[in-house]
>>> print(open('entry_33.cif').read())   # mmCIF, N, CA and C atoms
data_start
#
loop_
_atom_site.label_atom_id
_atom_site.label_comp_id
_atom_site.auth_asym_id
_atom_site.auth_seq_id
_atom_site.Cartn_x
_atom_site.Cartn_y
_atom_site.Cartn_z
N MET H 104 17.63 47.14 -11.11
CA MET H 104 17.16 46.22 -10.09
C MET H 104 18.30 45.33 -9.62
N GLU H 105 18.41 45.26 -8.32
CA GLU H 105 19.44 44.41 -7.77
C GLU H 105 18.89 43.01 -7.53
N LYS H 106 19.68 42.06 -7.85
CA LYS H 106 19.29 40.67 -7.65
C LYS H 106 19.68 40.24 -6.24
N GLU H 107 18.69 39.70 -5.49
CA GLU H 107 18.98 39.25 -4.13
C GLU H 107 19.72 37.92 -4.18
N ASN H 108 20.73 37.79 -3.34
CA ASN H 108 21.47 36.53 -3.24
C ASN H 108 20.89 35.71 -2.10
N LYS H 109 20.05 34.78 -2.43
CA LYS H 109 19.45 33.90 -1.43
C LYS H 109 20.29 32.64 -1.31
N ALA H 110 20.38 32.12 -0.11
CA ALA H 110 21.11 30.88 0.11
C ALA H 110 20.32 29.72 -0.49
N THR H 111 21.02 28.81 -1.10
CA THR H 111 20.41 27.60 -1.65
C THR H 111 20.99 26.39 -0.95
N ARG H 112 20.31 25.29 -1.04
CA ARG H 112 20.82 24.07 -0.42
C ARG H 112 22.13 23.63 -1.07
N LYS H 113 22.19 23.73 -2.39
CA LYS H 113 23.41 23.29 -3.08
C LYS H 113 24.60 24.17 -2.72
N GLY H 114 24.35 25.43 -2.37
CA GLY H 114 25.43 26.33 -2.01
C GLY H 114 25.80 26.27 -0.54
N SER H 115 25.04 25.51 0.25
CA SER H 115 25.29 25.39 1.69
C SER H 115 26.15 24.17 1.96
N PRO H 116 26.89 24.19 3.07
CA PRO H 116 27.73 23.03 3.38
C PRO H 116 26.87 21.83 3.79
N PRO H 117 27.26 20.63 3.38
CA PRO H 117 26.49 19.43 3.73
C PRO H 117 26.74 19.01 5.18
N ILE H 118 25.83 18.24 5.72
CA ILE H 118 26.00 17.64 7.04
C ILE H 118 26.41 16.20 6.81
N LYS H 119 27.51 15.81 7.42
CA LYS H 119 27.99 14.43 7.28
C LYS H 119 27.49 13.60 8.45
N VAL H 120 27.07 12.39 8.15
CA VAL H 120 26.62 11.47 9.18
C VAL H 120 27.40 10.17 9.00
N TYR H 121 28.08 9.77 10.03
CA TYR H 121 28.81 8.52 9.98
C TYR H 121 27.91 7.40 10.47
N CYS H 122 27.87 6.31 9.72
CA CYS H 122 27.05 5.18 10.11
C CYS H 122 27.68 3.89 9.59
N LEU H 123 27.26 2.81 10.19
CA LEU H 123 27.72 1.49 9.77
C LEU H 123 27.05 1.11 8.46
N PRO H 124 27.62 0.18 7.71
CA PRO H 124 27.00 -0.23 6.45
C PRO H 124 25.56 -0.74 6.63
N GLU H 125 25.29 -1.47 7.72
CA GLU H 125 23.94 -1.97 7.95
C GLU H 125 22.97 -0.80 8.19
N GLU H 126 23.45 0.21 8.93
CA GLU H 126 22.61 1.38 9.20
C GLU H 126 22.33 2.15 7.91
N ARG H 127 23.35 2.29 7.08
CA ARG H 127 23.17 2.98 5.80
C ARG H 127 22.16 2.23 4.94
N HIS H 128 22.28 0.91 4.91
CA HIS H 128 21.35 0.09 4.12
C HIS H 128 19.91 0.29 4.63
N GLN H 129 19.73 0.32 5.95
CA GLN H 129 18.40 0.50 6.51
C GLN H 129 17.85 1.88 6.18
N ILE H 130 18.68 2.91 6.27
CA ILE H 130 18.25 4.27 5.95
C ILE H 130 17.86 4.36 4.47
N GLN H 131 18.66 3.74 3.60
CA GLN H 131 18.35 3.73 2.17
C GLN H 131 17.04 3.00 1.91
N ALA H 132 16.82 1.89 2.60
CA ALA H 132 15.58 1.13 2.43
C ALA H 132 14.38 1.97 2.89
N ASN H 133 14.54 2.68 3.99
CA ASN H 133 13.46 3.54 4.49
C ASN H 133 13.16 4.67 3.49
N ALA H 134 14.20 5.25 2.94
CA ALA H 134 14.01 6.32 1.94
C ALA H 134 13.31 5.78 0.71
N GLN H 135 13.73 4.61 0.27
CA GLN H 135 13.12 4.00 -0.93
C GLN H 135 11.65 3.66 -0.66
N ALA H 136 11.33 3.22 0.54
CA ALA H 136 9.95 2.87 0.89
C ALA H 136 9.03 4.09 0.87
N THR H 137 9.61 5.28 1.07
CA THR H 137 8.81 6.50 1.05
C THR H 137 8.79 7.15 -0.33
N GLY H 138 9.62 6.66 -1.24
CA GLY H 138 9.67 7.24 -2.58
C GLY H 138 10.50 8.50 -2.64
N LEU H 139 11.34 8.73 -1.64
CA LEU H 139 12.17 9.92 -1.60
C LEU H 139 13.63 9.56 -1.82
N SER H 140 14.42 10.56 -2.26
CA SER H 140 15.85 10.34 -2.36
C SER H 140 16.41 10.26 -0.94
N LEU H 141 17.60 9.71 -0.81
CA LEU H 141 18.23 9.57 0.49
C LEU H 141 18.40 10.94 1.15
N SER H 142 18.85 11.92 0.38
CA SER H 142 19.06 13.27 0.90
C SER H 142 17.75 13.91 1.37
N THR H 143 16.71 13.82 0.56
CA THR H 143 15.42 14.41 0.92
C THR H 143 14.82 13.71 2.13
N PHE H 144 14.96 12.38 2.18
CA PHE H 144 14.45 11.62 3.32
C PHE H 144 15.12 12.07 4.61
N LEU H 145 16.47 12.14 4.60
CA LEU H 145 17.20 12.54 5.81
C LEU H 145 16.89 13.99 6.19
N LEU H 146 16.75 14.86 5.22
CA LEU H 146 16.41 16.25 5.51
C LEU H 146 15.03 16.33 6.17
N ASN H 147 14.05 15.63 5.62
CA ASN H 147 12.70 15.64 6.18
C ASN H 147 12.67 15.09 7.59
N VAL H 148 13.36 13.99 7.82
CA VAL H 148 13.40 13.40 9.16
C VAL H 148 14.12 14.34 10.12
N GLY H 149 15.22 14.93 9.66
CA GLY H 149 16.02 15.81 10.51
C GLY H 149 15.30 17.07 10.94
N ILE H 150 14.42 17.60 10.12
CA ILE H 150 13.71 18.84 10.51
C ILE H 150 12.34 18.55 11.10
N GLY H 151 12.04 17.26 11.30
CA GLY H 151 10.85 16.90 12.05
C GLY H 151 9.59 16.62 11.24
N TYR H 152 9.71 16.51 9.93
CA TYR H 152 8.53 16.17 9.14
C TYR H 152 8.21 14.70 9.33
N GLN H 153 6.92 14.39 9.34
CA GLN H 153 6.52 12.99 9.39
C GLN H 153 6.62 12.43 7.98
N VAL H 154 7.41 11.41 7.81
CA VAL H 154 7.64 10.82 6.50
C VAL H 154 6.60 9.74 6.27
N ARG H 155 5.89 9.83 5.17
CA ARG H 155 4.85 8.85 4.84
C ARG H 155 5.35 7.95 3.72
N GLY H 156 5.06 6.67 3.86
CA GLY H 156 5.47 5.71 2.85
C GLY H 156 4.52 5.68 1.67
N ILE H 157 5.00 5.17 0.56
CA ILE H 157 4.14 4.97 -0.60
C ILE H 157 3.62 3.55 -0.56
N VAL H 158 2.47 3.33 -1.11
CA VAL H 158 1.86 2.01 -1.10
C VAL H 158 2.44 1.19 -2.23
N ASP H 159 2.76 -0.04 -1.93
CA ASP H 159 3.33 -0.95 -2.91
C ASP H 159 2.31 -1.23 -4.02
N ASN H 160 2.71 -1.00 -5.27
CA ASN H 160 1.80 -1.19 -6.41
C ASN H 160 1.26 -2.61 -6.51
N LYS H 161 2.08 -3.59 -6.21
CA LYS H 161 1.63 -4.98 -6.30
C LYS H 161 0.50 -5.24 -5.30
N GLN H 162 0.61 -4.66 -4.13
CA GLN H 162 -0.43 -4.86 -3.13
C GLN H 162 -1.72 -4.16 -3.53
N VAL H 163 -1.59 -3.00 -4.16
CA VAL H 163 -2.78 -2.29 -4.64
C VAL H 163 -3.46 -3.11 -5.74
N GLU H 164 -2.67 -3.69 -6.64
CA GLU H 164 -3.23 -4.54 -7.69
C GLU H 164 -3.93 -5.75 -7.09
N GLU H 165 -3.34 -6.32 -6.05
CA GLU H 165 -3.95 -7.47 -5.37
C GLU H 165 -5.28 -7.07 -4.73
N LEU H 166 -5.33 -5.91 -4.11
CA LEU H 166 -6.58 -5.43 -3.52
C LEU H 166 -7.64 -5.20 -4.60
N ALA H 167 -7.25 -4.67 -5.74
CA ALA H 167 -8.20 -4.45 -6.84
C ALA H 167 -8.74 -5.77 -7.35
N ARG H 168 -7.86 -6.79 -7.45
CA ARG H 168 -8.30 -8.12 -7.91
C ARG H 168 -9.29 -8.73 -6.92
N ILE H 169 -8.98 -8.62 -5.63
CA ILE H 169 -9.86 -9.16 -4.61
C ILE H 169 -11.21 -8.43 -4.63
N ASN H 170 -11.16 -7.12 -4.80
CA ASN H 170 -12.39 -6.34 -4.86
C ASN H 170 -13.24 -6.76 -6.06
N GLY H 171 -12.61 -7.03 -7.19
CA GLY H 171 -13.33 -7.51 -8.36
C GLY H 171 -13.98 -8.86 -8.10
N ASP H 172 -13.25 -9.74 -7.41
CA ASP H 172 -13.80 -11.06 -7.06
C ASP H 172 -15.04 -10.90 -6.19
N LEU H 173 -14.95 -10.00 -5.21
CA LEU H 173 -16.10 -9.78 -4.34
C LEU H 173 -17.30 -9.24 -5.12
N GLY H 174 -17.03 -8.35 -6.06
CA GLY H 174 -18.11 -7.80 -6.88
C GLY H 174 -18.79 -8.87 -7.72
N ARG H 175 -17.98 -9.75 -8.32
CA ARG H 175 -18.55 -10.84 -9.13
C ARG H 175 -19.36 -11.81 -8.28
N LEU H 176 -18.83 -12.15 -7.11
CA LEU H 176 -19.57 -13.06 -6.23
C LEU H 176 -20.86 -12.42 -5.73
N GLY H 177 -20.80 -11.14 -5.41
CA GLY H 177 -22.01 -10.43 -4.97
C GLY H 177 -23.05 -10.37 -6.07
N GLY H 178 -22.62 -10.13 -7.31
CA GLY H 178 -23.55 -10.10 -8.45
C GLY H 178 -24.19 -11.45 -8.68
N LEU H 179 -23.40 -12.52 -8.55
CA LEU H 179 -23.93 -13.86 -8.72
C LEU H 179 -24.95 -14.18 -7.62
N LEU H 180 -24.63 -13.81 -6.40
CA LEU H 180 -25.56 -14.03 -5.29
C LEU H 180 -26.86 -13.24 -5.51
N LYS H 181 -26.74 -12.02 -5.96
CA LYS H 181 -27.92 -11.20 -6.22
C LYS H 181 -28.80 -11.83 -7.30
N LEU H 182 -28.17 -12.36 -8.34
CA LEU H 182 -28.91 -13.02 -9.42
C LEU H 182 -29.66 -14.23 -8.88
N TRP H 183 -28.99 -15.01 -8.02
CA TRP H 183 -29.65 -16.18 -7.45
C TRP H 183 -30.85 -15.79 -6.58
N LEU H 184 -30.73 -14.69 -5.88
CA LEU H 184 -31.79 -14.29 -4.96
C LEU H 184 -32.98 -13.63 -5.65
N THR H 185 -32.89 -13.37 -6.95
CA THR H 185 -34.01 -12.76 -7.67
C THR H 185 -35.05 -13.78 -8.09
N ASP H 186 -34.84 -15.03 -7.80
CA ASP H 186 -35.75 -16.11 -8.17
C ASP H 186 -35.93 -16.20 -9.69
N ASP H 187 -34.84 -16.00 -10.40
CA ASP H 187 -34.85 -16.14 -11.86
C ASP H 187 -35.14 -17.60 -12.20
N ALA H 188 -36.06 -17.85 -13.12
CA ALA H 188 -36.46 -19.22 -13.49
C ALA H 188 -35.28 -20.01 -14.05
N ARG H 189 -34.33 -19.32 -14.67
CA ARG H 189 -33.17 -20.03 -15.25
C ARG H 189 -32.27 -20.61 -14.16
N LEU H 190 -32.38 -20.07 -12.95
CA LEU H 190 -31.51 -20.54 -11.87
C LEU H 190 -32.28 -21.33 -10.81
N ALA H 191 -33.41 -21.89 -11.18
CA ALA H 191 -34.23 -22.65 -10.23
C ALA H 191 -33.50 -23.87 -9.69
N SER H 192 -32.55 -24.39 -10.44
CA SER H 192 -31.85 -25.60 -10.02
C SER H 192 -30.76 -25.32 -8.97
N VAL H 193 -30.48 -24.07 -8.73
CA VAL H 193 -29.45 -23.72 -7.75
C VAL H 193 -30.03 -23.90 -6.36
N GLY H 194 -29.35 -24.70 -5.57
CA GLY H 194 -29.86 -25.01 -4.23
C GLY H 194 -29.25 -24.15 -3.15
N GLU H 195 -29.75 -24.37 -1.95
CA GLU H 195 -29.29 -23.62 -0.78
C GLU H 195 -27.81 -23.87 -0.51
N ALA H 196 -27.36 -25.10 -0.75
CA ALA H 196 -25.95 -25.44 -0.51
C ALA H 196 -25.02 -24.60 -1.38
N THR H 197 -25.42 -24.38 -2.61
CA THR H 197 -24.60 -23.58 -3.52
C THR H 197 -24.54 -22.14 -3.06
N ILE H 198 -25.67 -21.61 -2.63
CA ILE H 198 -25.72 -20.23 -2.15
C ILE H 198 -24.86 -20.09 -0.89
N ARG H 199 -24.94 -21.07 0.00
CA ARG H 199 -24.11 -21.03 1.21
C ARG H 199 -22.62 -21.12 0.85
N ALA H 200 -22.29 -21.89 -0.16
CA ALA H 200 -20.89 -21.99 -0.60
C ALA H 200 -20.40 -20.65 -1.14
N VAL H 201 -21.26 -19.95 -1.88
CA VAL H 201 -20.88 -18.63 -2.39
C VAL H 201 -20.70 -17.64 -1.24
N LEU H 202 -21.58 -17.70 -0.26
CA LEU H 202 -21.44 -16.83 0.91
C LEU H 202 -20.12 -17.12 1.65
N ALA H 203 -19.78 -18.39 1.76
CA ALA H 203 -18.51 -18.77 2.40
C ALA H 203 -17.33 -18.24 1.59
N GLN H 204 -17.43 -18.29 0.25
CA GLN H 204 -16.37 -17.78 -0.61
C GLN H 204 -16.22 -16.27 -0.46
N ILE H 205 -17.34 -15.56 -0.34
CA ILE H 205 -17.30 -14.11 -0.14
C ILE H 205 -16.60 -13.80 1.19
N GLU H 206 -16.95 -14.55 2.23
CA GLU H 206 -16.32 -14.34 3.53
C GLU H 206 -14.82 -14.61 3.46
N SER H 207 -14.44 -15.67 2.77
CA SER H 207 -13.03 -16.00 2.60
C SER H 207 -12.29 -14.90 1.84
N THR H 208 -12.93 -14.38 0.82
CA THR H 208 -12.32 -13.31 0.02
C THR H 208 -12.19 -12.03 0.85
N GLN H 209 -13.17 -11.75 1.70
CA GLN H 209 -13.07 -10.59 2.58
C GLN H 209 -11.90 -10.75 3.55
N ASP H 210 -11.72 -11.96 4.08
CA ASP H 210 -10.59 -12.23 4.97
C ASP H 210 -9.27 -12.00 4.25
N GLN H 211 -9.20 -12.45 3.00
CA GLN H 211 -8.00 -12.27 2.19
C GLN H 211 -7.73 -10.78 1.97
N MET H 212 -8.77 -10.02 1.73
CA MET H 212 -8.63 -8.58 1.51
C MET H 212 -8.14 -7.89 2.79
N ILE H 213 -8.66 -8.28 3.93
CA ILE H 213 -8.23 -7.71 5.20
C ILE H 213 -6.75 -8.01 5.43
N HIS H 214 -6.32 -9.22 5.10
CA HIS H 214 -4.92 -9.58 5.25
C HIS H 214 -4.03 -8.71 4.37
N VAL H 215 -4.41 -8.53 3.11
CA VAL H 215 -3.61 -7.70 2.19
C VAL H 215 -3.61 -6.25 2.67
N MET H 216 -4.74 -5.76 3.15
CA MET H 216 -4.79 -4.39 3.68
C MET H 216 -3.84 -4.23 4.86
N GLY H 217 -3.77 -5.24 5.69
CA GLY H 217 -2.86 -5.19 6.84
C GLY H 217 -1.42 -5.09 6.41
N THR H 218 -1.04 -5.78 5.35
CA THR H 218 0.34 -5.70 4.88
C THR H 218 0.62 -4.35 4.22
N VAL H 219 -0.40 -3.71 3.69
CA VAL H 219 -0.21 -2.38 3.09
C VAL H 219 -0.04 -1.33 4.18
N VAL H 220 -0.85 -1.43 5.22
CA VAL H 220 -0.85 -0.41 6.27
C VAL H 220 0.33 -0.57 7.21
N ARG H 221 0.60 -1.80 7.62
CA ARG H 221 1.70 -2.04 8.55
C ARG H 221 3.00 -2.26 7.79
N PRO H 222 4.09 -1.64 8.23
CA PRO H 222 5.36 -1.85 7.54
C PRO H 222 5.82 -3.30 7.69
N ARG H 223 6.47 -3.77 6.64
CA ARG H 223 6.97 -5.15 6.66
C ARG H 223 8.29 -5.21 7.43
N ALA H 224 8.45 -6.26 8.19
CA ALA H 224 9.72 -6.50 8.88
C ALA H 224 10.56 -7.41 8.01
N ASP H 225 11.65 -6.87 7.52
CA ASP H 225 12.52 -7.68 6.63
C ASP H 225 13.60 -8.36 7.43
#
>>> encode(input="entry_33.cif", output="C-alpha cells")
Amino acid sequence: MEKENKATRKGSPPIKVYCLPEERHQIQANAQATGLSLSTFLLNVGIGYQVRGIVDNKQVEELARINGDLGRLGGLLKLWLTDDARLASVGEATIRAVLAQIESTQDQMIHVMGTVVRPRAD
C-alpha cells in the first residue's frame, strides 16, 4: 500500500501580515474574545467563516445570580398570595415593594444580557 502525501498546514508556507502594534493588539484581543488562537482566528476570518465570540464566564455567573434572585422573589410573592395564615400581617405595601424589586431585578438582568450580547468597546 502506498501512503498518500497530503499537504498539511504545517508543511505549507505561512502568510505574513504586516501590521502596527495597535492593530496586532486588537487582532489578538479579538482572537482571545472568541477563544481561538491567533492563527486559527486569522485563518477563519481569511477564508470567510463567521467568528463567534465566547460568553464571559463572569457575566454568565451574574445572570445565574440574578435569575436565582428572581426565583426567590417569585416564590415569596407566591407564598404571600396563597393567603397563608402565618403571613396575614403582610400588607399590600410589602407586596408592592416585592413587585418593584422583581422589576428592578429584571432590569438588571436585561442590562447584563445586553453586555453579553453586544461586544464591549474598550
>>> closest_residue(input="entry_33.cif", among="H:Tyr121, H:Glu165, H:Thr111, H:Thr137", to="Val215 (chain H)", atoms="only N, CA and C atoms")
H:Glu165
>>> closest_atom_pairs(input="entry_33.cif", of="region 190-215 of chain H", to="region 169-179 of chain H", cutoff="8 Å", atoms="all atoms listed in the file", output="Markdown table")
| residue | atom | partner | partner_atom | distance |
| --- | --- | --- | --- | --- |
| H:Val201 | C | H:Leu176 | CA | 6.9 |
| H:Leu202 | N | H:Leu176 | C | 7.6 |
| H:Gln204 | C | H:Leu176 | CA | 7.4 |
| H:Ile205 | CA | H:Leu173 | CA | 6.2 |
| H:Thr208 | C | H:Ile169 | CA | 6.6 |
| H:Gln209 | N | H:Leu173 | CA | 7.0 |
| H:Gln211 | C | H:Ile169 | CA | 7.1 |
| H:Met212 | CA | H:Ile169 | CA | 6.3 |
>>> atom_distance(input="entry_33.cif", atom1="atom N of Leu180 (chain H)", atom2="atom C of Arg168 (chain H)")
16.2 Å
>>> closest_residue(input="entry_33.cif", among="H:Leu146, H:Ala136, H:Ala196, H:Ala191", to="Val219 (chain H)", atoms="only C-alpha atoms")
H:Ala136
>>> closest_residue(input="entry_33.cif", among="H:Leu190, H:Thr143, H:Gly138, H:Glu107", to="Arg155 (chain H)", atoms="only N, CA and C atoms")
H:Gly138
